[in-house]
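Note sheet for the following structure.
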Amino acid sequence: MKYVMILLCCLLIGSCTSQKSETLVIGLIKPSMNHLPVQYALQQIPGDHSEWNFQYFHSGWETNEALVAGRIDLAIMPFTYAWMDVSQNKEVKIISFLERESDGIIARKPINSREDLQSVRLGVLKNSTLEIIPEMVFIKQKLTLPVMIPFRTPMDMAAALQAGEVDAISYYVPSIFNLPSQFEIIDWYSNTFPSHPCCDLVVSQTALKSKATLVQNFLKDIDKAVVMMRRNYTKNLEIAQKNYGLNESTASLSLQHTKYITGLEDTGKDFEMQAAEIMLAKGYLARKVTKDEVYHQIIP
């Protein structure tokens with residue numbers, strides 16, 4: 001009996017240790033400012049964040065591949081990938097919008113307006129918001145679409161612009177400010193769609209079930225961070241400079257063109273649904289997807 005009790009105690013201790021060491025594996029796109037609220041939460045919200053385990057990627061494609069393969073539990077990434085996943089019956093859900101705006105078009109001179117883009121080569125990131133949102137803008141503005149040249153990574157797009165292989169690219173902060181001076185930012189998508197969602201919090205359904213508390217706590221802290229960020233621009237600037245290696249001017253410009261708003265409001269869902277219709281027409285979605293299949297509201 002004594003040995004049975006010892007064995008039970010060992011199993012109990014092991015179980016507690018296992019629960020304590022459980023982590024939420026979070027995928028972040030390293031060069032993107034879409035995860036600034038995460039950095040803010042780590043530095044400004046009290047608590048033990050050791051349960052957050054980060055993996056960094058260079059693009060949305062890589063991040064999404066890791067999510068659907070089960071290598072990460074949650075990601076901050078362009079919403080287009082989540083809609084594509086759901087159309088292929090991959091088990092992921094969008095639990096919140098997060099980064100708004102942040103994208104625009106930078107072009108070689110003398111191109112200086114979106115009207116000048118109607119017959120030129122525009123580099124886009126295939127099946128990303130960097131491809132679909134500019135198309136939405138041209139449709140809304142009743143302009144002829146440019147020739148869309150798809151790329152797999154943002155770095156490939158930037159290299160193609162500098163090599164003269166394209167005339168303009170659809171790009172994002174802060175990287176859009178780091179291109180040479182012979183290129184000029186000619187439009188921000190927020191001019192047509194103010195506060196539009198861009199990168200969302202996307203979670204695997206496995207994590208929603210097996211790590212429900214961790215997912216809920218993460219979302220709570222991000223909600224708190226976003227509220228705090230609205231009141232403390234100086235701290236936002238400081239954290240952006242530190243975490244992205246930016247000078248004050250680039251950090252300030254990036255924050256001017258980026259908003260962080262959580263939640264799943266209907267206008268955001270409608271915007272993403274419009275994008276999904278374009279994706280379906282382009283063959284990026286395997287089938288028509290409904291909003292109910294994509295979103296999951298976490299109740300605090």
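Labels used: A, B, ... for chains in the order of the structure tokens, numbers from 1 for residues in each chain, and numbers from 1 for ligands as shown.
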
Report the closest atom pair, with its distance in Å rounded to one decimal, for each residue of region 115-136 of chain A that has an atom no farther than 12 Å from region 72-82 of chain A; count only C-alpha atoms, sort by chain and then rising residue number, and write it as a Markdown table.
| residue | atom | partner | partner_atom | distance |
| --- | --- | --- | --- | --- |
| A:Leu125 | CA | A:Pro78 | CA | 10.8 |
| A:Lys126 | CA | A:Thr80 | CA | 10.0 |
| A:Asn127 | CA | A:Thr80 | CA | 6.6 |
| A:Ser128 | CA | A:Thr80 | CA | 5.7 |
| A:Thr129 | CA | A:Pro78 | CA | 5.9 |
| A:Leu130 | CA | A:Pro78 | CA | 8.7 |
| A:Glu131 | CA | A:Thr80 | CA | 9.6 |
| A:Ile132 | CA | A:Thr80 | CA | 8.1 |
| A:Ile133 | CA | A:Thr80 | CA | 9.8 |

Might you pull out every residue within 12 Å of Gln256 (chain A), with only C-alpha atoms counted and same-chain residues fewer than 2 positions away left off, and present them as a VMD selection string?
-> chain A and resid 100 to 103 173 to 174 188 190 233 236 to 237 249 to 254 258 to 260

Would you kindly return, as a ChimeraX atom specification, each protein, DNA or RNA residue with an atom no farther than 8 Å from any atom of Phe57 (chain A), considering only C-alpha atoms and excluding same-chain residues fewer than 5 positions away?
-> /A:27-30,62-63

Using the selection just defined, write its residues with all heavy atoms as a compact mmCIF listing (two decimals), in the first residue's frame.
# COMPACT_ATOMS: atom_id res chain seq x y z
N GLY A 27 2.85 31.89 -33.61
CA GLY A 27 3.62 32.23 -34.80
C GLY A 27 3.51 33.70 -35.13
O GLY A 27 2.41 34.25 -35.20
N LEU A 28 4.66 34.35 -35.31
CA LEU A 28 4.71 35.78 -35.64
C LEU A 28 5.53 35.99 -36.90
O LEU A 28 6.54 35.31 -37.12
CB LEU A 28 5.35 36.57 -34.49
CG LEU A 28 4.69 36.45 -33.11
CD1 LEU A 28 5.50 37.24 -32.09
CD2 LEU A 28 3.25 36.92 -33.14
N ILE A 29 5.10 36.93 -37.73
CA ILE A 29 5.86 37.30 -38.93
C ILE A 29 6.87 38.36 -38.50
O ILE A 29 6.49 39.50 -38.19
CB ILE A 29 4.94 37.82 -40.03
CG1 ILE A 29 3.87 36.77 -40.37
CG2 ILE A 29 5.74 38.18 -41.28
CD1 ILE A 29 2.76 37.27 -41.27
N LYS A 30 8.12 38.00 -38.45
CA LYS A 30 9.15 38.82 -37.81
C LYS A 30 9.21 40.27 -38.29
O LYS A 30 9.24 41.20 -37.48
CB LYS A 30 10.52 38.16 -37.94
CG LYS A 30 11.58 38.78 -37.03
CD LYS A 30 12.84 37.96 -37.03
CE LYS A 30 13.88 38.53 -36.08
NZ LYS A 30 13.45 38.54 -34.67
N GLU A 62 4.68 31.09 -44.80
CA GLU A 62 5.38 30.20 -43.86
C GLU A 62 4.59 30.03 -42.57
O GLU A 62 4.48 28.93 -42.03
CB GLU A 62 6.76 30.78 -43.52
CG GLU A 62 7.76 30.78 -44.63
CD GLU A 62 9.07 31.41 -44.17
OE1 GLU A 62 9.64 30.94 -43.16
OE2 GLU A 62 9.51 32.38 -44.79
N THR A 63 4.07 31.14 -42.08
CA THR A 63 3.31 31.12 -40.82
C THR A 63 2.09 30.23 -40.95
O THR A 63 1.80 29.40 -40.07
CB THR A 63 2.89 32.55 -40.43
OG1 THR A 63 4.01 33.42 -40.51
CG2 THR A 63 2.34 32.59 -39.02

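Residues surrounding Ala276 (chain A) within 8 Å are Thr80, Trp83, Leu285 and Val289 of chain A [only C-alpha atoms; sequence separation below 5 positions excluded].
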
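CA of Ile222 (chain A) is found 11.0 Å from CA of Gln44 (chain A).
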
At a cut-off of 10 Å, can you tabulate as CSV every residue of region 7-98 of chain A near region 143-156 of chain A together with its closest atom pair and the distance in Å to one decimal, using only C-alpha atoms and ordering rows by chain then number?
residue,atom,partner,partner_atom,distance
A:Pro31,CA,A:Pro154,CA,9.6
A:His58,CA,A:Thr153,CA,7.6
A:Ser59,CA,A:Thr153,CA,6.0
A:Gly60,CA,A:Thr153,CA,8.3
A:Trp61,CA,A:Arg152,CA,7.6
A:Glu62,CA,A:Thr153,CA,9.2

Using only C-alpha atoms, find the one residue out of A:Ile169, A:Ala225, A:Met33, A:Ile95 that sits nearest to Leu246 (chain A).
-> A:Met33

Please return as JSON, numbers by chain: the residues of region 20-91 of chain A that backbone DSSP assigns to strand (DSSP E or B).
-> {"A": [24, 25, 26, 27, 28, 29, 52, 53, 54, 55, 56, 57, 74, 75, 76, 77, 78]}

Take the residues that were just selected and, keeping N, CA, C and O atoms, output them as a PDB file, in the first residue's frame.
ATOM      1  N   LEU A  24       1.517  27.946 -25.068  1.00  0.00           N
ATOM      2  CA  LEU A  24       0.790  28.306 -26.274  1.00  0.00           C
ATOM      3  C   LEU A  24       1.840  28.702 -27.308  1.00  0.00           C
ATOM      4  O   LEU A  24       2.579  29.673 -27.116  1.00  0.00           O
ATOM      5  N   VAL A  25       1.930  27.951 -28.390  1.00  0.00           N
ATOM      6  CA  VAL A  25       2.952  28.209 -29.401  1.00  0.00           C
ATOM      7  C   VAL A  25       2.383  29.210 -30.417  1.00  0.00           C
ATOM      8  O   VAL A  25       1.403  28.920 -31.107  1.00  0.00           O
ATOM      9  N   ILE A  26       3.008  30.388 -30.477  1.00  0.00           N
ATOM     10  CA  ILE A  26       2.481  31.520 -31.231  1.00  0.00           C
ATOM     11  C   ILE A  26       3.399  31.846 -32.405  1.00  0.00           C
ATOM     12  O   ILE A  26       4.604  32.056 -32.220  1.00  0.00           O
ATOM     13  N   GLY A  27       2.847  31.895 -33.607  1.00  0.00           N
ATOM     14  CA  GLY A  27       3.617  32.225 -34.797  1.00  0.00           C
ATOM     15  C   GLY A  27       3.512  33.702 -35.131  1.00  0.00           C
ATOM     16  O   GLY A  27       2.408  34.250 -35.202  1.00  0.00           O
ATOM     17  N   LEU A  28       4.663  34.351 -35.307  1.00  0.00           N
ATOM     18  CA  LEU A  28       4.709  35.776 -35.636  1.00  0.00           C
ATOM     19  C   LEU A  28       5.535  35.992 -36.898  1.00  0.00           C
ATOM     20  O   LEU A  28       6.543  35.314 -37.115  1.00  0.00           O
ATOM     21  N   ILE A  29       5.105  36.926 -37.734  1.00  0.00           N
ATOM     22  CA  ILE A  29       5.861  37.298 -38.931  1.00  0.00           C
ATOM     23  C   ILE A  29       6.868  38.363 -38.496  1.00  0.00           C
ATOM     24  O   ILE A  29       6.489  39.500 -38.189  1.00  0.00           O
ATOM     25  N   TRP A  52       3.843  31.654 -23.087  1.00  0.00           N
ATOM     26  CA  TRP A  52       3.860  32.042 -24.493  1.00  0.00           C
ATOM     27  C   TRP A  52       5.187  31.612 -25.113  1.00  0.00           C
ATOM     28  O   TRP A  52       6.257  32.040 -24.695  1.00  0.00           O
ATOM     29  N   ASN A  53       5.103  30.778 -26.111  1.00  0.00           N
ATOM     30  CA  ASN A  53       6.298  30.275 -26.801  1.00  0.00           C
ATOM     31  C   ASN A  53       6.241  30.763 -28.246  1.00  0.00           C
ATOM     32  O   ASN A  53       5.355  30.384 -29.005  1.00  0.00           O
ATOM     33  N   PHE A  54       7.175  31.630 -28.638  1.00  0.00           N
ATOM     34  CA  PHE A  54       7.112  32.265 -29.949  1.00  0.00           C
ATOM     35  C   PHE A  54       7.963  31.543 -30.985  1.00  0.00           C
ATOM     36  O   PHE A  54       9.072  31.098 -30.697  1.00  0.00           O
ATOM     37  N   GLN A  55       7.414  31.471 -32.188  1.00  0.00           N
ATOM     38  CA  GLN A  55       8.173  31.035 -33.351  1.00  0.00           C
ATOM     39  C   GLN A  55       8.036  32.120 -34.416  1.00  0.00           C
ATOM     40  O   GLN A  55       6.936  32.613 -34.672  1.00  0.00           O
ATOM     41  N   TYR A  56       9.163  32.496 -35.015  1.00  0.00           N
ATOM     42  CA  TYR A  56       9.173  33.604 -35.971  1.00  0.00           C
ATOM     43  C   TYR A  56       9.312  33.098 -37.405  1.00  0.00           C
ATOM     44  O   TYR A  56      10.031  32.141 -37.666  1.00  0.00           O
ATOM     45  N   PHE A  57       8.618  33.792 -38.315  1.00  0.00           N
ATOM     46  CA  PHE A  57       8.621  33.428 -39.730  1.00  0.00           C
ATOM     47  C   PHE A  57       8.866  34.686 -40.568  1.00  0.00           C
ATOM     48  O   PHE A  57       8.729  35.806 -40.086  1.00  0.00           O
ATOM     49  N   LEU A  74      -1.348  29.181 -32.626  1.00  0.00           N
ATOM     50  CA  LEU A  74      -2.009  30.446 -32.906  1.00  0.00           C
ATOM     51  C   LEU A  74      -1.063  31.301 -33.739  1.00  0.00           C
ATOM     52  O   LEU A  74       0.153  31.204 -33.590  1.00  0.00           O
ATOM     53  N   ALA A  75      -1.624  32.137 -34.607  1.00  0.00           N
ATOM     54  CA  ALA A  75      -0.784  32.993 -35.440  1.00  0.00           C
ATOM     55  C   ALA A  75      -1.424  34.358 -35.609  1.00  0.00           C
ATOM     56  O   ALA A  75      -2.650  34.502 -35.530  1.00  0.00           O
ATOM     57  N   ILE A  76      -0.577  35.350 -35.825  1.00  0.00           N
ATOM     58  CA  ILE A  76      -1.043  36.673 -36.268  1.00  0.00           C
ATOM     59  C   ILE A  76      -0.633  36.770 -37.727  1.00  0.00           C
ATOM     60  O   ILE A  76       0.558  36.813 -38.040  1.00  0.00           O
ATOM     61  N   MET A  77      -1.618  36.766 -38.620  1.00  0.00           N
ATOM     62  CA  MET A  77      -1.291  36.663 -40.041  1.00  0.00           C
ATOM     63  C   MET A  77      -2.424  37.231 -40.894  1.00  0.00           C
ATOM     64  O   MET A  77      -3.542  37.441 -40.409  1.00  0.00           O
ATOM     65  N   PRO A  78      -2.140  37.509 -42.182  1.00  0.00           N
ATOM     66  CA  PRO A  78      -3.188  38.020 -43.069  1.00  0.00           C
ATOM     67  C   PRO A  78      -4.412  37.108 -43.097  1.00  0.00           C
ATOM     68  O   PRO A  78      -4.288  35.884 -43.166  1.00  0.00           O
TER      69      PRO A  78
END
